[in-house]
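K.L.:
File name start-v4.cif; file contents mmCIF, C-alpha atoms; full text below.
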```
data_query
#
loop_
_atom_site.group_PDB
_atom_site.id
_atom_site.type_symbol
_atom_site.label_atom_id
_atom_site.label_comp_id
_atom_site.auth_asym_id
_atom_site.auth_seq_id
_atom_site.Cartn_x
_atom_site.Cartn_y
_atom_site.Cartn_z
ATOM 1 C CA MET A 1 -3.740 -16.518 -1.819
ATOM 2 C CA ILE A 2 -0.645 -16.809 0.349
ATOM 3 C CA THR A 3 -0.232 -13.857 2.712
ATOM 4 C CA SER A 4 1.958 -13.060 5.697
ATOM 5 C CA LYS A 5 0.928 -11.185 8.825
ATOM 6 C CA ASN A 6 4.335 -9.445 8.761
ATOM 7 C CA GLN A 7 3.753 -8.237 5.192
ATOM 8 C CA THR A 8 0.161 -7.042 5.764
ATOM 9 C CA LEU A 9 -0.393 -3.287 5.565
ATOM 10 C CA SER A 10 -4.194 -3.167 6.056
ATOM 11 C CA ASP A 11 -6.012 -6.119 7.607
ATOM 12 C CA ASN A 12 -9.656 -5.594 6.683
ATOM 13 C CA GLN A 13 -9.159 -1.945 7.680
ATOM 14 C CA LYS A 14 -12.310 0.176 7.896
ATOM 15 C CA ILE A 15 -11.900 3.407 5.919
ATOM 16 C CA THR A 16 -14.190 6.228 7.080
ATOM 17 C CA ALA A 17 -11.807 9.154 6.470
ATOM 18 C CA ASP A 18 -8.352 9.818 5.029
ATOM 19 C CA ALA A 19 -6.044 7.256 6.635
ATOM 20 C CA ARG A 20 -2.698 5.512 6.498
ATOM 21 C CA SER A 21 -2.580 1.719 6.509
ATOM 22 C CA GLN A 22 -2.738 0.123 9.971
ATOM 23 C CA ASN A 23 0.760 -1.235 9.519
ATOM 24 C CA VAL A 24 3.997 -0.006 7.999
ATOM 25 C CA ILE A 25 6.567 -2.370 6.495
ATOM 26 C CA ASP A 26 10.158 -1.700 7.523
ATOM 27 C CA LEU A 27 12.252 -2.647 4.498
ATOM 28 C CA GLY A 28 15.403 -2.372 6.589
ATOM 29 C CA GLN A 29 18.308 -0.019 6.534
ATOM 30 C CA THR A 30 20.754 -0.431 3.680
ATOM 31 C CA GLY A 31 24.282 -1.295 4.654
ATOM 32 C CA THR A 32 27.683 -0.274 3.429
ATOM 33 C CA VAL A 33 29.691 -2.855 1.529
ATOM 34 C CA TYR A 34 33.201 -3.405 2.821
ATOM 35 C CA GLY A 35 35.494 -0.794 1.336
ATOM 36 C CA ALA A 36 32.685 1.470 0.055
ATOM 37 C CA ASP A 37 32.288 5.085 1.086
ATOM 38 C CA ALA A 38 28.476 5.093 1.291
ATOM 39 C CA ALA A 39 25.548 2.773 1.915
ATOM 40 C CA LEU A 40 24.016 0.849 -0.968
ATOM 41 C CA ASP A 41 21.172 2.429 -2.918
ATOM 42 C CA ARG A 42 17.822 0.640 -2.887
ATOM 43 C CA ASP A 43 14.977 0.437 -5.372
ATOM 44 C CA ILE A 44 12.969 -2.720 -4.804
ATOM 45 C CA GLY A 45 10.815 -2.082 -7.883
ATOM 46 C CA LYS A 46 13.807 -2.482 -10.229
ATOM 47 C CA GLY A 47 14.452 -6.101 -9.224
ATOM 48 C CA CYS A 48 12.280 -9.180 -9.552
ATOM 49 C CA PRO A 49 8.564 -8.296 -9.433
ATOM 50 C CA VAL A 50 7.239 -8.203 -5.856
ATOM 51 C CA PRO A 51 3.465 -8.856 -5.885
ATOM 52 C CA ILE A 52 1.223 -6.558 -3.872
ATOM 53 C CA LEU A 53 -2.528 -6.852 -3.422
ATOM 54 C CA ILE A 54 -4.886 -4.071 -2.357
ATOM 55 C CA GLN A 55 -8.470 -5.285 -2.372
ATOM 56 C CA VAL A 56 -11.861 -4.026 -1.182
ATOM 57 C CA THR A 57 -13.309 -6.476 1.364
ATOM 58 C CA GLU A 58 -16.539 -4.608 2.172
ATOM 59 C CA ASP A 59 -18.645 -2.411 -0.129
ATOM 60 C CA PHE A 60 -18.184 1.339 0.343
ATOM 61 C CA ASN A 61 -21.012 3.874 0.539
ATOM 62 C CA ASN A 62 -21.387 7.692 0.355
ATOM 63 C CA LEU A 63 -17.986 8.811 -0.981
ATOM 64 C CA THR A 64 -17.340 9.948 -4.568
ATOM 65 C CA ARG A 65 -14.100 7.977 -4.954
ATOM 66 C CA LEU A 66 -11.215 6.496 -3.018
ATOM 67 C CA ASP A 67 -7.655 7.419 -3.977
ATOM 68 C CA VAL A 68 -5.166 4.720 -2.962
ATOM 69 C CA SER A 69 -1.455 5.578 -2.880
ATOM 70 C CA LEU A 70 1.592 3.445 -2.210
ATOM 71 C CA GLN A 71 4.042 5.583 -0.239
ATOM 72 C CA VAL A 72 7.587 5.362 1.092
ATOM 73 C CA ASP A 73 9.496 7.453 3.606
ATOM 74 C CA SER A 74 12.811 7.423 5.435
ATOM 75 C CA VAL A 75 11.056 7.719 8.828
ATOM 76 C CA GLU A 76 8.384 5.442 10.285
ATOM 77 C CA ASN A 77 5.910 8.259 11.072
ATOM 78 C CA PHE A 78 5.809 9.300 7.380
ATOM 79 C CA ALA A 79 6.604 12.947 8.115
ATOM 80 C CA SER A 80 7.363 13.587 4.429
ATOM 81 C CA PRO A 81 6.011 10.649 2.405
ATOM 82 C CA LYS A 82 6.781 10.120 -1.267
ATOM 83 C CA THR A 83 3.955 8.693 -3.389
ATOM 84 C CA VAL A 84 5.306 5.986 -5.680
ATOM 85 C CA VAL A 85 2.059 5.036 -7.452
ATOM 86 C CA SER A 86 -1.637 5.805 -6.966
ATOM 87 C CA SER A 87 -5.007 4.730 -8.282
ATOM 88 C CA SER A 88 -8.513 6.215 -8.054
ATOM 89 C CA ILE A 89 -11.602 4.036 -7.696
ATOM 90 C CA ASN A 90 -15.094 5.497 -8.143
ATOM 91 C CA LEU A 91 -17.884 4.580 -5.710
ATOM 92 C CA ALA A 92 -19.671 2.377 -8.262
ATOM 93 C CA ASP A 93 -16.567 0.160 -8.389
ATOM 94 C CA LEU A 94 -15.829 0.070 -4.638
ATOM 95 C CA LYS A 95 -17.440 -3.340 -4.141
ATOM 96 C CA ALA A 96 -16.056 -6.339 -2.255
ATOM 97 C CA GLY A 97 -13.522 -8.135 -4.439
ATOM 98 C CA ARG A 98 -12.375 -5.055 -6.386
ATOM 99 C CA LYS A 99 -8.581 -4.917 -6.692
ATOM 100 C CA VAL A 100 -6.470 -1.786 -7.098
ATOM 101 C CA SER A 101 -4.906 -1.568 -10.567
ATOM 102 C CA PHE A 102 -1.219 -1.868 -9.622
ATOM 103 C CA GLN A 103 -0.091 -5.445 -8.918
ATOM 104 C CA TYR A 104 3.635 -5.142 -8.234
ATOM 105 C CA LEU A 105 5.878 -2.801 -6.278
ATOM 106 C CA PRO A 106 6.941 -0.229 -8.885
ATOM 107 C CA GLU A 107 10.269 1.499 -9.325
ATOM 108 C CA GLY A 108 10.716 4.203 -6.722
ATOM 109 C CA VAL A 109 10.362 2.023 -3.604
ATOM 110 C CA ASP A 110 13.711 3.373 -2.506
ATOM 111 C CA GLU A 111 13.251 4.407 1.122
ATOM 112 C CA ARG A 112 13.113 2.401 4.343
ATOM 113 C CA TYR A 113 9.380 2.376 5.171
ATOM 114 C CA LEU A 114 6.407 1.353 3.009
ATOM 115 C CA SER A 115 2.698 2.074 3.574
ATOM 116 C CA VAL A 116 -0.596 2.665 1.809
ATOM 117 C CA HIS A 117 -2.518 5.936 2.096
ATOM 118 C CA TYR A 118 -6.287 6.098 1.552
ATOM 119 C CA ASP A 119 -7.751 9.453 0.523
ATOM 120 C CA VAL A 120 -11.541 9.747 0.760
ATOM 121 C CA VAL A 121 -12.976 12.131 -1.838
ATOM 122 C CA GLY A 122 -16.510 13.358 -1.170
ATOM 123 C CA THR A 123 -18.726 12.458 1.786
ATOM 124 C CA ALA A 124 -17.182 10.245 4.478
ATOM 125 C CA PRO A 125 -18.263 6.616 4.098
ATOM 126 C CA SER A 126 -19.818 4.670 6.960
ATOM 127 C CA THR A 127 -19.028 1.312 5.344
ATOM 128 C CA GLY A 128 -16.022 0.068 3.434
ATOM 129 C CA ARG A 129 -12.995 -2.066 4.280
ATOM 130 C CA VAL A 130 -9.700 -2.834 2.562
ATOM 131 C CA TRP A 131 -7.013 -5.529 2.776
ATOM 132 C CA ALA A 132 -3.517 -4.647 1.539
ATOM 133 C CA GLY A 133 -0.158 -6.360 1.661
ATOM 134 C CA ILE A 134 2.692 -8.139 -0.043
ATOM 135 C CA VAL A 135 1.578 -11.550 -1.344
ATOM 136 C CA ALA A 136 3.359 -14.660 -2.667
ATOM 137 C CA GLY A 137 1.586 -14.338 -6.033
ATOM 138 C CA HIS A 138 -1.652 -13.269 -7.677
ATOM 139 C CA GLN A 139 -4.706 -15.493 -7.730
ATOM 140 C CA THR A 140 -6.130 -15.816 -11.226
ATOM 141 C CA ALA A 141 -9.372 -17.692 -10.606
#
```
For the file at hand, write its structure as structure tokens.

P.N.:
Amino acid sequence: MITSKNQTLSDNQKITADARSQNVIDLGQTGTVYGADAALDRDIGKGCPVPILIQVTEDFNNLTRLDVSLQVDSVENFASPKTVVSSSINLADLKAGRKVSFQYLPEGVDERYLSVHYDVVGTAPSTGRVWAGIVAGHQTA
């Protein structure tokens, strides 16, 4: 699996409560083409598929499920985030190696900043870690 430190959102991040990924990816500000009145629109999900991997790296305990959401916002502190896609994983499936169901950035990644939000449902876990980020491709074996 080819990864990049600059494209990593969660680097073996311990999840014990609701949390945002350790890192936020700045997708850059869109520019204005010469002669245009407004900046270009962006929606990364409409172009070539951009692989993303969100994977459990340590078994979770205690919680009922973990809701994982890919979010975008126009400001880095995510004052008003927009959820682009989300997935729920029950405790029985929160084992090391488990991957979140979405594999590519979907349509709707149309703001400047990108992050992952983890929502703990049920009792707070004392174990459980996640890696998340943009990858060069998906490993099949």

K.L.:
Carefully work through the PyMOL selection byres ((chain A and resi 14) around 6) for this structure and note down the residues it includes, as a PDB file with C-alpha atoms, in the frame of the given file.

P.N.:
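Result file is expr.pdb:
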```
ATOM      1  CA  GLN A  13      -9.159  -1.945   7.680  1.00  0.00           C
ATOM      2  CA  ILE A  15     -11.900   3.407   5.919  1.00  0.00           C
ATOM      3  CA  GLY A 128     -16.022   0.068   3.434  1.00  0.00           C
ATOM      4  CA  ARG A 129     -12.995  -2.066   4.280  1.00  0.00           C
TER       5      ARG A 129
END
```

K.L.:
Centre and edge lengths of an axis-aligned box around all listed atoms of region 127-137 of chain A, with 4 Å added on each side, are to be given in Å to one decimal, as AutoDock Vina command-line options.

P.N.:
```
--center_x -7.8 --center_y -6.7 --center_z -0.3 --size_x 30.4 --size_y 24.0 --size_z 19.4
```

K.L.:
Can you list what the PyMOL selection byres ((chain A and resi 46) around 12) grabs from this structure, as a PyMOL selection string?

P.N.:
chain A and resi 41-45+47-50+104-110

K.L.:
Do you have the CA of Ala19 (chain A)-CA of Asp119 (chain A) distance handy?

P.N.:
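Result for CA of Ala19 (chain A) versus CA of Asp119 (chain A): 6.7 Å, one decimal.
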
K.L.:
List the spatial neighbours of Pro81 (chain A) as a list in words - criterion: any atom at most 9 Å away, all atoms listed in the file, same-chain residues fewer than 6 positions off excluded.

P.N.:
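Final neighbour list, sorted by chain and number: Gln71, Val72, Asp73, Ser74 and Val75 of chain A.
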
K.L.:
If the PyMOL selection byres ((chain A and resi 124) around 7) is run on the structure shown, which residues does it catch, given as number ranges by chain?

P.N.:
A: 16-17, 62-63, 120, 122-123, 125-126

K.L.:
Choose the residue, out of A:Gln103, A:Ser115, A:Thr64, A:Thr57, that has the smallest atom-to-atom separation from Val135 (chain A); count only C-alpha atoms.

P.N.:
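Checking each candidate against Val135 (chain A), we get A:Gln103 as the closest.
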
K.L.:
Check the smallest atom-to-atom distance from each of A:Asp26, A:Asn77, A:Ala38, A:Ser87 to Lys99 (chain A) using all atoms listed in the file, then report the winner.

P.N.:
A:Ser87

K.L.:
Neighbours of Lys95 (chain A) within 9 Å (only C-alpha atoms; same-chain residues fewer than 2 positions away dropped), as a list in words?

P.N.:
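In the requested format, the answer is Val56, Thr57, Glu58, Asp59, Phe60, Leu91, Ala92, Asp93, Gly97, Arg98 and Gly128 of chain A.
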
K.L.:
Counting only C-alpha atoms, which residue out of A:Ala132, A:Met1, A:Val24, A:Ala39 sits closest to Val100 (chain A)?

P.N.:
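Nearest to Val100 (chain A): A:Ala132.
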
K.L.:
Report, in Å to a single decimal, how far apart CA of Ser4 (chain A) and CA of Ser88 (chain A) are.

P.N.:
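Between these atoms lies a distance of 25.9 Å.
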
K.L.:
To one decimal place in Å, what is the distance between CA of Lys82 (chain A) and CA of Ala96 (chain A)?

P.N.:
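CA of Ala96 (chain A) lies at a distance of 28.2 Å from CA of Lys82 (chain A).
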
K.L.:
Return the single residue from A:Ile134, A:Ile2, A:Leu114, A:Val121 that is closest to Gly28 (chain A), with distances computed using all atoms listed in the file.

P.N.:
A:Leu114

K.L.:
Pick out the closest residue to Asn6 (chain A) from this set: A:Asn90, A:Asn23, A:Ser80, A:Thr32. Count all atoms listed in the file.

P.N.:
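Closest to Asn6 (chain A) of all the choices is A:Asn23.
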
K.L.:
Need the shell around Thr3 (chain A): protein/DNA/RNA residues with any atom at most 12 Å away, counting all atoms listed in the file. Skip same-chain ones fewer than 3 positions apart. Format as a compact mmCIF listing (two decimals) with C-alpha atoms, in the coordinates of the input?

P.N.:
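Produced file out.txt, reproduced below:
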```txt
# COMPACT_ATOMS: atom_id res chain seq x y z
CA ASN A 6 4.34 -9.44 8.76
CA GLN A 7 3.75 -8.24 5.19
CA THR A 8 0.16 -7.04 5.76
CA LEU A 9 -0.39 -3.29 5.56
CA SER A 10 -4.19 -3.17 6.06
CA ASP A 11 -6.01 -6.12 7.61
CA PRO A 51 3.46 -8.86 -5.88
CA ILE A 52 1.22 -6.56 -3.87
CA LEU A 53 -2.53 -6.85 -3.42
CA ILE A 54 -4.89 -4.07 -2.36
CA TRP A 131 -7.01 -5.53 2.78
CA ALA A 132 -3.52 -4.65 1.54
CA GLY A 133 -0.16 -6.36 1.66
CA ILE A 134 2.69 -8.14 -0.04
CA VAL A 135 1.58 -11.55 -1.34
CA ALA A 136 3.36 -14.66 -2.67
CA GLY A 137 1.59 -14.34 -6.03
CA HIS A 138 -1.65 -13.27 -7.68
CA GLN A 139 -4.71 -15.49 -7.73
```

K.L.:
Since the input is missing atoms for region 23-49 of chain A, could you rebuild it with N, CA, C and O atoms and give the result as a compact mmCIF listing (two decimals), keeping the file's coordinate frame?

P.N.:
```txt
# COMPACT_ATOMS: atom_id res chain seq x y z
N ASN A 23 -0.62 -0.80 9.32
CA ASN A 23 0.76 -1.24 9.52
C ASN A 23 1.68 -0.60 8.49
O ASN A 23 1.26 -0.20 7.41
N VAL A 24 2.94 -0.52 8.86
CA VAL A 24 4.00 -0.01 8.00
C VAL A 24 5.02 -1.13 7.87
O VAL A 24 5.32 -1.80 8.85
N ILE A 25 5.53 -1.35 6.68
CA ILE A 25 6.57 -2.37 6.50
C ILE A 25 7.93 -1.69 6.53
O ILE A 25 8.18 -0.74 5.79
N ASP A 26 8.78 -2.19 7.42
CA ASP A 26 10.16 -1.70 7.52
C ASP A 26 10.99 -2.55 6.57
O ASP A 26 11.19 -3.74 6.79
N LEU A 27 11.46 -1.94 5.50
CA LEU A 27 12.25 -2.65 4.50
C LEU A 27 13.71 -2.80 4.92
O LEU A 27 14.50 -3.41 4.21
N GLY A 28 14.05 -2.26 6.07
CA GLY A 28 15.40 -2.37 6.59
C GLY A 28 16.32 -1.27 6.10
O GLY A 28 16.09 -0.66 5.07
N GLN A 29 17.33 -1.04 6.89
CA GLN A 29 18.31 -0.02 6.53
C GLN A 29 19.34 -0.63 5.61
O GLN A 29 19.77 -1.77 5.81
N THR A 30 19.73 0.09 4.58
CA THR A 30 20.75 -0.43 3.68
C THR A 30 22.10 -0.33 4.37
O THR A 30 22.35 0.57 5.16
N GLY A 31 22.96 -1.26 4.05
CA GLY A 31 24.28 -1.30 4.65
C GLY A 31 25.34 -0.78 3.71
O GLY A 31 25.09 -0.46 2.55
N THR A 32 26.54 -0.70 4.23
CA THR A 32 27.68 -0.27 3.43
C THR A 32 28.57 -1.48 3.17
O THR A 32 28.99 -2.17 4.10
N VAL A 33 28.83 -1.75 1.93
CA VAL A 33 29.69 -2.86 1.53
C VAL A 33 31.12 -2.55 1.97
O VAL A 33 31.57 -1.39 1.92
N TYR A 34 31.82 -3.57 2.39
CA TYR A 34 33.20 -3.40 2.82
C TYR A 34 34.01 -2.64 1.78
O TYR A 34 34.01 -2.98 0.61
N GLY A 35 34.65 -1.59 2.22
CA GLY A 35 35.49 -0.79 1.34
C GLY A 35 34.78 0.34 0.62
O GLY A 35 35.41 1.17 -0.01
N ALA A 36 33.44 0.40 0.73
CA ALA A 36 32.68 1.47 0.06
C ALA A 36 32.61 2.69 0.96
O ALA A 36 32.74 2.61 2.17
N ASP A 37 32.39 3.84 0.34
CA ASP A 37 32.29 5.08 1.09
C ASP A 37 30.88 5.37 1.59
O ASP A 37 30.69 6.13 2.53
N ALA A 38 29.87 4.78 0.94
CA ALA A 38 28.48 5.09 1.29
C ALA A 38 27.63 3.81 1.26
O ALA A 38 28.03 2.81 0.67
N ALA A 39 26.48 3.91 1.90
CA ALA A 39 25.55 2.77 1.92
C ALA A 39 25.02 2.49 0.51
O ALA A 39 24.99 3.36 -0.35
N LEU A 40 24.59 1.25 0.31
CA LEU A 40 24.02 0.85 -0.97
C LEU A 40 22.73 1.61 -1.24
O LEU A 40 21.98 1.93 -0.32
N ASP A 41 22.46 1.86 -2.52
CA ASP A 41 21.17 2.43 -2.92
C ASP A 41 20.16 1.30 -2.97
O ASP A 41 20.51 0.14 -3.16
N ARG A 42 18.88 1.64 -2.82
CA ARG A 42 17.82 0.64 -2.89
C ARG A 42 16.74 1.13 -3.84
O ARG A 42 16.39 2.28 -3.85
N ASP A 43 16.20 0.21 -4.61
CA ASP A 43 14.98 0.44 -5.37
C ASP A 43 14.38 -0.94 -5.65
O ASP A 43 14.71 -1.58 -6.64
N ILE A 44 13.54 -1.38 -4.75
CA ILE A 44 12.97 -2.72 -4.80
C ILE A 44 12.22 -2.95 -6.12
O ILE A 44 12.23 -4.05 -6.65
N GLY A 45 11.59 -1.93 -6.66
CA GLY A 45 10.82 -2.08 -7.88
C GLY A 45 11.64 -2.42 -9.11
O GLY A 45 11.11 -2.88 -10.11
N LYS A 46 12.96 -2.20 -9.08
CA LYS A 46 13.81 -2.48 -10.23
C LYS A 46 14.21 -3.95 -10.31
O LYS A 46 14.67 -4.40 -11.33
N GLY A 47 14.04 -4.70 -9.24
CA GLY A 47 14.45 -6.10 -9.22
C GLY A 47 13.36 -7.01 -9.73
O GLY A 47 12.54 -6.64 -10.58
N CYS A 48 13.34 -8.22 -9.21
CA CYS A 48 12.28 -9.18 -9.55
C CYS A 48 10.95 -8.61 -9.08
O CYS A 48 10.88 -7.98 -8.03
N PRO A 49 9.87 -8.84 -9.84
CA PRO A 49 8.56 -8.30 -9.43
C PRO A 49 8.14 -8.80 -8.06
O PRO A 49 8.22 -9.99 -7.77
```
